[in-house]
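Shown next: input.tsv, containing TSV, C-alpha atoms.
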```tsv
chain	number	residue	atom	x	y	z
A	11	ASP	CA	0.00	0.00	0.00
A	12	GLY	CA	1.26	3.44	-0.87
A	13	GLY	CA	1.08	6.02	1.82
A	14	ILE	CA	2.67	8.07	4.54
A	15	THR	CA	3.38	6.52	7.93
A	16	GLN	CA	4.04	8.26	11.19
A	17	SER	CA	5.30	6.44	14.23
A	18	PRO	CA	4.71	6.06	17.05
A	19	LYS	CA	1.05	7.05	17.38
A	20	TYR	CA	1.51	8.08	21.01
A	21	LEU	CA	4.75	9.21	22.60
A	22	PHE	CA	5.58	10.21	26.13
A	23	ARG	CA	8.67	12.17	27.00
A	24	LYS	CA	10.19	13.41	30.20
A	25	GLU	CA	11.04	17.06	30.45
A	26	GLY	CA	14.55	17.80	29.27
A	27	GLN	CA	14.74	14.88	26.87
A	28	ASN	CA	15.00	15.02	23.12
A	29	VAL	CA	12.65	12.81	21.13
A	30	THR	CA	12.47	11.92	17.43
A	31	LEU	CA	9.24	11.44	15.51
A	32	SER	CA	9.34	9.26	12.43
A	33	CYS	CA	7.73	10.04	9.06
A	34	GLU	CA	8.14	7.68	6.11
A	35	GLN	CA	6.46	7.79	2.69
A	36	ASN	CA	6.54	5.40	-0.24
A	37	LEU	CA	4.75	7.72	-2.65
A	38	ASN	CA	7.97	8.89	-4.31
A	39	HIS	CA	7.15	12.46	-3.27
A	40	ASP	CA	9.84	15.12	-3.30
A	41	ALA	CA	8.28	17.54	-0.79
A	42	MET	CA	7.64	16.76	2.87
A	43	TYR	CA	6.24	18.81	5.74
A	44	TRP	CA	5.93	18.82	9.52
A	45	TYR	CA	3.07	20.57	11.30
A	46	ARG	CA	2.12	21.05	14.90
A	47	GLN	CA	-1.53	21.15	16.01
A	48	ASP	CA	-2.63	22.21	19.48
A	49	PRO	CA	-6.11	21.35	20.83
A	50	GLY	CA	-8.81	23.17	18.92
A	51	GLN	CA	-6.23	24.96	16.80
A	52	GLY	CA	-5.08	24.96	13.24
A	53	LEU	CA	-1.87	23.56	11.79
A	54	ARG	CA	1.35	25.49	12.21
A	55	LEU	CA	4.27	24.74	9.92
A	56	ILE	CA	7.47	23.65	11.66
A	57	TYR	CA	9.78	22.65	8.78
A	58	TYR	CA	9.42	21.67	5.16
A	59	SER	CA	11.67	20.09	2.56
A	60	GLN	CA	11.36	20.44	-1.20
A	61	ILE	CA	14.01	17.88	-2.02
A	62	VAL	CA	16.54	15.52	-0.47
A	63	ASN	CA	19.32	17.20	1.54
A	64	ASP	CA	17.44	20.50	1.67
A	65	PHE	CA	14.89	21.90	4.13
A	66	GLN	CA	13.51	25.26	5.26
A	67	LYS	CA	12.22	26.61	8.53
A	68	GLY	CA	8.51	27.13	8.80
A	69	ASP	CA	6.72	29.50	11.14
A	70	ILE	CA	7.59	27.81	14.45
A	71	ALA	CA	10.97	26.07	13.95
A	72	GLU	CA	12.53	27.04	17.29
A	73	GLY	CA	13.19	23.99	19.47
A	74	TYR	CA	12.86	21.56	16.56
A	75	SER	CA	15.31	20.03	14.09
A	76	VAL	CA	14.93	17.87	10.98
A	77	SER	CA	17.00	15.96	8.46
A	78	ARG	CA	16.29	14.84	4.91
A	79	GLU	CA	18.96	12.29	4.02
A	80	LYS	CA	16.59	10.05	2.09
A	81	LYS	CA	13.69	10.91	-0.18
A	82	GLU	CA	11.27	8.71	1.74
A	83	SER	CA	12.15	9.86	5.27
A	84	PHE	CA	11.80	13.19	7.11
A	85	PRO	CA	12.31	12.69	10.86
A	86	LEU	CA	11.52	15.48	13.32
A	87	THR	CA	13.46	15.90	16.57
A	88	VAL	CA	11.77	17.79	19.38
A	89	THR	CA	14.59	19.13	21.51
A	90	SER	CA	14.64	20.14	25.15
A	91	ALA	CA	14.71	23.74	23.93
A	92	GLN	CA	11.07	23.47	22.86
A	93	LYS	CA	9.18	25.01	25.78
A	94	ASN	CA	5.74	23.50	25.19
A	95	PRO	CA	6.21	20.32	23.17
A	96	THR	CA	2.94	18.61	24.12
A	97	ALA	CA	0.92	18.61	20.89
A	98	PHE	CA	-0.31	16.58	17.93
A	99	TYR	CA	2.31	16.38	15.17
A	100	LEU	CA	1.37	15.79	11.55
A	101	CYS	CA	3.61	14.92	8.65
A	102	ALA	CA	2.65	15.40	5.01
A	103	SER	CA	4.15	14.84	1.58
A	104	ARG	CA	3.39	15.75	-2.01
A	105	PRO	CA	5.04	15.62	-5.44
A	106	GLY	CA	7.59	18.28	-6.29
A	107	GLN	CA	6.28	18.39	-9.84
A	108	PRO	CA	3.85	19.18	-11.27
A	109	ARG	CA	2.96	22.15	-9.16
A	110	ASN	CA	-0.59	22.52	-7.89
A	111	THR	CA	-0.79	19.18	-6.17
A	112	GLU	CA	-2.47	18.03	-3.01
A	113	ALA	CA	-0.68	16.95	0.15
A	114	PHE	CA	-1.09	13.54	1.73
A	115	PHE	CA	-1.05	13.34	5.51
A	116	GLY	CA	-0.02	10.72	8.00
A	117	GLN	CA	-2.25	9.84	10.95
A	118	GLY	CA	-0.19	11.90	13.38
A	119	THR	CA	1.85	11.41	16.52
A	120	ARG	CA	0.49	12.67	19.83
A	121	LEU	CA	3.40	13.77	22.01
A	122	THR	CA	2.93	14.27	25.74
A	123	VAL	CA	5.60	15.62	28.06
A	124	VAL	CA	5.34	14.10	31.53
B	1	SER	CA	1.90	33.53	11.60
B	2	GLN	CA	-0.81	31.63	9.75
B	3	GLN	CA	-1.51	32.54	6.18
B	4	GLY	CA	-5.17	31.58	6.06
B	5	GLU	CA	-7.91	32.55	8.48
B	6	GLU	CA	-11.21	30.73	8.41
B	7	ASP	CA	-14.55	32.16	9.36
B	8	PRO	CA	-16.61	31.18	11.26
B	9	GLN	CA	-14.62	29.24	13.85
B	10	ALA	CA	-17.58	26.94	14.45
B	11	LEU	CA	-20.79	26.13	12.61
B	12	SER	CA	-23.76	24.02	13.68
B	13	ILE	CA	-26.40	23.08	11.10
B	14	GLN	CA	-29.27	20.66	10.61
B	15	GLU	CA	-28.85	17.69	8.32
B	16	GLY	CA	-29.85	18.65	4.80
B	17	GLU	CA	-28.87	22.31	5.18
B	18	ASN	CA	-25.93	23.93	3.42
B	19	ALA	CA	-22.72	24.90	5.21
B	20	THR	CA	-20.58	27.82	4.09
B	21	MET	CA	-17.18	28.75	5.44
B	22	ASN	CA	-14.74	31.41	4.35
B	23	CYS	CA	-10.99	31.74	4.20
B	24	SER	CA	-8.95	34.91	3.92
B	25	TYR	CA	-5.22	35.06	3.22
B	26	LYS	CA	-2.46	37.62	2.98
B	27	THR	CA	0.04	36.97	0.19
B	28	SER	CA	-0.08	35.90	-3.45
B	29	ILE	CA	-0.63	32.20	-4.03
B	30	ASN	CA	-0.31	29.47	-6.66
B	31	ASN	CA	-3.44	27.75	-5.46
B	32	LEU	CA	-5.69	27.35	-2.46
B	33	GLN	CA	-6.69	23.99	-1.06
B	34	TRP	CA	-9.37	22.77	1.33
B	35	TYR	CA	-8.89	19.83	3.68
B	36	ARG	CA	-11.04	17.98	6.16
B	37	GLN	CA	-10.00	16.52	9.51
B	38	ASN	CA	-11.99	14.11	11.60
B	39	SER	CA	-11.24	14.29	15.30
B	40	GLY	CA	-7.71	13.18	16.15
B	41	ARG	CA	-6.87	12.07	12.63
B	42	GLY	CA	-4.79	13.26	9.70
B	43	LEU	CA	-6.10	15.64	7.09
B	44	VAL	CA	-7.77	14.57	3.88
B	45	HIS	CA	-7.64	16.69	0.76
B	46	LEU	CA	-11.01	17.86	-0.58
B	47	ILE	CA	-10.43	20.25	-3.44
B	48	LEU	CA	-7.76	22.48	-5.01
B	49	ILE	CA	-8.45	25.71	-6.87
B	50	ARG	CA	-5.73	27.41	-8.88
B	51	SER	CA	-5.09	31.13	-8.72
B	52	ASN	CA	-6.48	31.61	-12.26
B	53	GLU	CA	-9.74	29.80	-11.46
B	54	ARG	CA	-12.80	31.40	-9.89
B	55	GLU	CA	-15.01	28.46	-9.06
B	56	LYS	CA	-14.71	24.71	-8.80
B	57	HIS	CA	-17.11	21.88	-7.99
B	58	SER	CA	-16.58	18.39	-6.64
B	59	GLY	CA	-19.67	16.39	-5.73
B	60	ARG	CA	-21.49	18.36	-2.99
B	61	LEU	CA	-18.57	20.78	-2.62
B	62	ARG	CA	-18.31	24.16	-4.28
B	63	VAL	CA	-15.26	26.37	-3.87
B	64	THR	CA	-14.82	29.94	-4.99
B	65	LEU	CA	-11.67	32.04	-5.12
B	66	ASP	CA	-11.39	35.81	-5.34
B	67	THR	CA	-7.72	36.73	-5.65
B	68	SER	CA	-8.48	40.45	-5.66
B	69	LYS	CA	-9.98	40.13	-2.19
B	70	LYS	CA	-7.62	37.31	-1.17
B	71	SER	CA	-10.51	35.16	-0.07
B	72	SER	CA	-12.11	31.80	-0.74
B	73	SER	CA	-15.28	30.06	0.31
B	74	LEU	CA	-16.25	26.42	0.68
B	75	LEU	CA	-19.89	25.42	0.36
B	76	ILE	CA	-21.10	21.97	1.38
B	77	THR	CA	-24.59	21.34	0.06
B	78	ALA	CA	-27.21	18.99	1.53
B	79	SER	CA	-25.06	18.25	4.59
B	80	ARG	CA	-24.99	14.86	6.24
B	81	ALA	CA	-24.03	13.75	9.74
B	82	ALA	CA	-20.86	12.30	8.24
B	83	ASP	CA	-19.79	15.83	7.21
B	84	THR	CA	-19.17	16.63	10.88
B	85	ALA	CA	-15.46	17.52	10.97
B	86	SER	CA	-13.02	20.41	10.97
B	87	TYR	CA	-12.32	22.09	7.65
B	88	PHE	CA	-9.09	23.91	6.83
B	89	CYS	CA	-7.96	26.07	3.97
B	90	ALA	CA	-4.32	25.98	2.90
B	91	THR	CA	-2.42	28.42	0.73
B	92	ASP	CA	0.27	27.16	-1.61
B	93	ARG	CA	3.02	29.56	-2.67
B	94	ASN	CA	5.82	29.44	-5.22
B	95	ASP	CA	8.33	28.34	-2.59
B	96	TYR	CA	6.42	25.13	-1.78
B	97	LYS	CA	5.34	26.53	1.58
B	98	LEU	CA	1.89	25.12	2.36
B	99	SER	CA	0.28	27.09	5.18
B	100	PHE	CA	-2.98	26.30	6.95
B	101	GLY	CA	-5.54	28.40	8.74
B	102	ALA	CA	-7.13	27.80	12.13
B	103	GLY	CA	-10.08	25.88	10.69
B	104	THR	CA	-13.85	25.80	10.94
B	105	THR	CA	-15.48	23.12	13.08
B	106	VAL	CA	-18.72	21.94	11.49
B	107	THR	CA	-21.34	20.00	13.43
B	108	VAL	CA	-24.24	18.50	11.49
B	109	ARG	CA	-27.22	17.65	13.69
B	110	ALA	CA	-29.44	14.73	12.74
```
Take the structure in this file and express it as structure tokens.
Amino acid sequence: DGGITQSPKYLFRKEGQNVTLSCEQNLNHDAMYWYRQDPGQGLRLIYYSQIVNDFQKGDIAEGYSVSREKKESFPLTVTSAQKNPTAFYLCASRPGQPRNTEAFFGQGTRLTVV
Amino acid sequence: SQQGEEDPQALSIQEGENATMNCSYKTSINNLQWYRQNSGRGLVHLILIRSNEREKHSGRLRVTLDTSKKSSSLLITASRAADTASYFCATDRNDYKLSFGAGTTVTVRA
């Protein structure tokens, strides 16, 4: 099955610890995205990547880091510098070309800091 | 900052009625997209309208785009209980940045 997979579905982290969220896609998409969603809120863009080995900061990149070493993978690390990491994290991907294409989303990872 | 802002924040309608929600944005775009999210799940793409299009239909969905006013609307006709969800607009720019608004929560009462 083609799709985008986020793991784990639920993640608990102690304060002061870094944690990495996984996002894998087998859709052969060039572009990938990470969003954060707080309860009752919209999606805020953390980082996005147009192509392998390249990525850009979104609107709320502070306290987060990413890598894009492989086309199919775009892991997100939530560092201890992120003050309020508890949230629902969504990963998405879409083709680089043609333009004007829809994004496909994973089912999300719910991160809770305990 | 979020590029798109939806209005209203919440909408409650009777089954069979139409639901209309609006989206305003700030910068020039390649296209505008609408997505749906059921509680606690990922988003599902509904419809995409390009910057040179004014109106688009897909089943019971109708989307309009007014680039001069930087606004879009999504109309869901003959709503069903299964349409209960949150709806988000997303703006797509030349630099591949895909930005979402805060969403409209729609509740369809049986």
query = Given the choices B:Ile76, B:Ile49, B:Ile13, B:Val106, which gets closest to chain A if the distance is worked out from all atoms listed in the file?
reply =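 Comparing B:Ile76, B:Ile49, B:Ile13, B:Val106 against chain A, the winner is B:Ile49.
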message = Report, in Å with one decimal, the straight-line distance from CA of Thr67 in chain B to CA of Asn94 in chain B.
response =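 Calculated distance between CA of Thr67 in chain B and CA of Asn94 in chain B is 15.4 Å.
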request  = Would you mind listing what lies within 6 Å of range 94-110 of chain A as number ranges by chain, with only C-alpha atoms counted and same-chain residues fewer than 3 positions away left out?
outcome  = A: 39-48, 113-116, 118-123
Centre, edges in Å (one decimal): axis-aligned box, range 48-51 of chain A, 4 Å padding on all six sides, as JSON:
```
{"center_x": -5.7, "center_y": 23.2, "center_z": 18.8, "size_x": 14.2, "size_y": 11.6, "size_z": 12.0}
```
task = One decimal, Å: what's the distance from CA of Leu21 in chain A over to CA of Val88 in chain A, could you say?
result = 11.5 Å
Point-to-point distance in Å for CA of Leu98 in chain B and CA of Asp66 in chain B =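 Calculated distance between CA of Asp66 in chain B and CA of Leu98 in chain B is 18.7 Å.
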Your completed range 70-81 of chain A with all heavy atoms, as a short mmCIF file (atom, residue, chain, number, x, y, z; two decimals), in the frame of the given file:
```
data_model
loop_
_atom_site.label_atom_id
_atom_site.label_comp_id
_atom_site.auth_asym_id
_atom_site.auth_seq_id
_atom_site.Cartn_x
_atom_site.Cartn_y
_atom_site.Cartn_z
N ILE A 70 7.31 28.06 13.03
CA ILE A 70 7.59 27.81 14.45
C ILE A 70 8.73 26.80 14.61
O ILE A 70 8.62 25.82 15.32
CB ILE A 70 6.32 27.32 15.20
CG1 ILE A 70 5.74 26.07 14.54
CG2 ILE A 70 5.27 28.41 15.27
CD1 ILE A 70 4.76 25.31 15.42
N ALA A 71 9.86 27.04 13.97
CA ALA A 71 10.97 26.07 13.95
C ALA A 71 11.78 26.01 15.25
O ALA A 71 12.50 25.03 15.48
CB ALA A 71 11.89 26.38 12.79
N GLU A 72 11.69 27.01 16.09
CA GLU A 72 12.53 27.04 17.29
C GLU A 72 12.24 25.86 18.20
O GLU A 72 11.09 25.58 18.54
CB GLU A 72 12.29 28.34 18.06
CG GLU A 72 13.24 28.50 19.24
CD GLU A 72 13.08 29.85 19.94
OE1 GLU A 72 12.35 30.72 19.40
OE2 GLU A 72 13.67 30.02 21.02
N GLY A 73 13.33 25.15 18.60
CA GLY A 73 13.19 23.99 19.47
C GLY A 73 12.99 22.68 18.72
O GLY A 73 12.82 21.64 19.33
N TYR A 74 13.01 22.75 17.40
CA TYR A 74 12.86 21.56 16.56
C TYR A 74 14.04 21.45 15.60
O TYR A 74 14.66 22.45 15.25
CB TYR A 74 11.58 21.64 15.73
CG TYR A 74 10.30 21.72 16.52
CD1 TYR A 74 9.68 22.96 16.76
CD2 TYR A 74 9.69 20.58 17.02
CE1 TYR A 74 8.51 23.05 17.48
CE2 TYR A 74 8.50 20.66 17.74
CZ TYR A 74 7.92 21.90 17.97
OH TYR A 74 6.75 21.98 18.68
N SER A 75 14.32 20.22 15.14
CA SER A 75 15.31 20.03 14.09
C SER A 75 14.84 18.88 13.19
O SER A 75 14.06 18.03 13.61
CB SER A 75 16.70 19.73 14.65
OG SER A 75 16.70 18.48 15.33
N VAL A 76 15.30 18.91 11.94
CA VAL A 76 14.93 17.87 10.98
C VAL A 76 16.16 17.48 10.17
O VAL A 76 17.19 18.15 10.20
CB VAL A 76 13.83 18.34 10.00
CG1 VAL A 76 12.51 18.57 10.72
CG2 VAL A 76 14.28 19.60 9.24
N SER A 77 16.01 16.37 9.45
CA SER A 77 17.00 15.96 8.46
C SER A 77 16.26 15.38 7.27
O SER A 77 15.13 14.92 7.40
CB SER A 77 17.98 14.94 9.05
OG SER A 77 17.29 13.75 9.41
N ARG A 78 16.91 15.42 6.11
CA ARG A 78 16.29 14.84 4.91
C ARG A 78 17.40 14.16 4.11
O ARG A 78 17.81 14.60 3.04
CB ARG A 78 15.60 15.92 4.08
CG ARG A 78 14.81 15.35 2.91
CD ARG A 78 13.46 14.86 3.28
NE ARG A 78 12.78 14.12 2.25
CZ ARG A 78 12.09 14.66 1.23
NH1 ARG A 78 12.06 15.98 1.09
NH2 ARG A 78 11.48 13.91 0.35
N GLU A 79 17.87 13.04 4.65
CA GLU A 79 18.96 12.29 4.02
C GLU A 79 18.45 11.33 2.95
O GLU A 79 19.21 10.94 2.06
CB GLU A 79 19.76 11.55 5.08
CG GLU A 79 20.42 12.48 6.08
CD GLU A 79 21.12 11.72 7.20
OE1 GLU A 79 21.06 10.48 7.20
OE2 GLU A 79 21.68 12.38 8.09
N LYS A 80 17.20 10.95 3.06
CA LYS A 80 16.59 10.05 2.09
C LYS A 80 15.27 10.64 1.62
O LYS A 80 14.56 11.31 2.38
CB LYS A 80 16.35 8.67 2.70
CG LYS A 80 17.59 7.95 3.13
CD LYS A 80 17.28 6.52 3.58
CE LYS A 80 16.41 6.51 4.82
NZ LYS A 80 16.15 5.10 5.29
N LYS A 81 14.91 10.35 0.39
CA LYS A 81 13.69 10.91 -0.18
C LYS A 81 12.46 10.48 0.61
O LYS A 81 11.52 11.25 0.81
CB LYS A 81 13.54 10.45 -1.63
CG LYS A 81 12.42 11.11 -2.40
CD LYS A 81 12.45 10.67 -3.85
CE LYS A 81 11.44 11.44 -4.67
NZ LYS A 81 11.49 11.07 -6.10
#
```
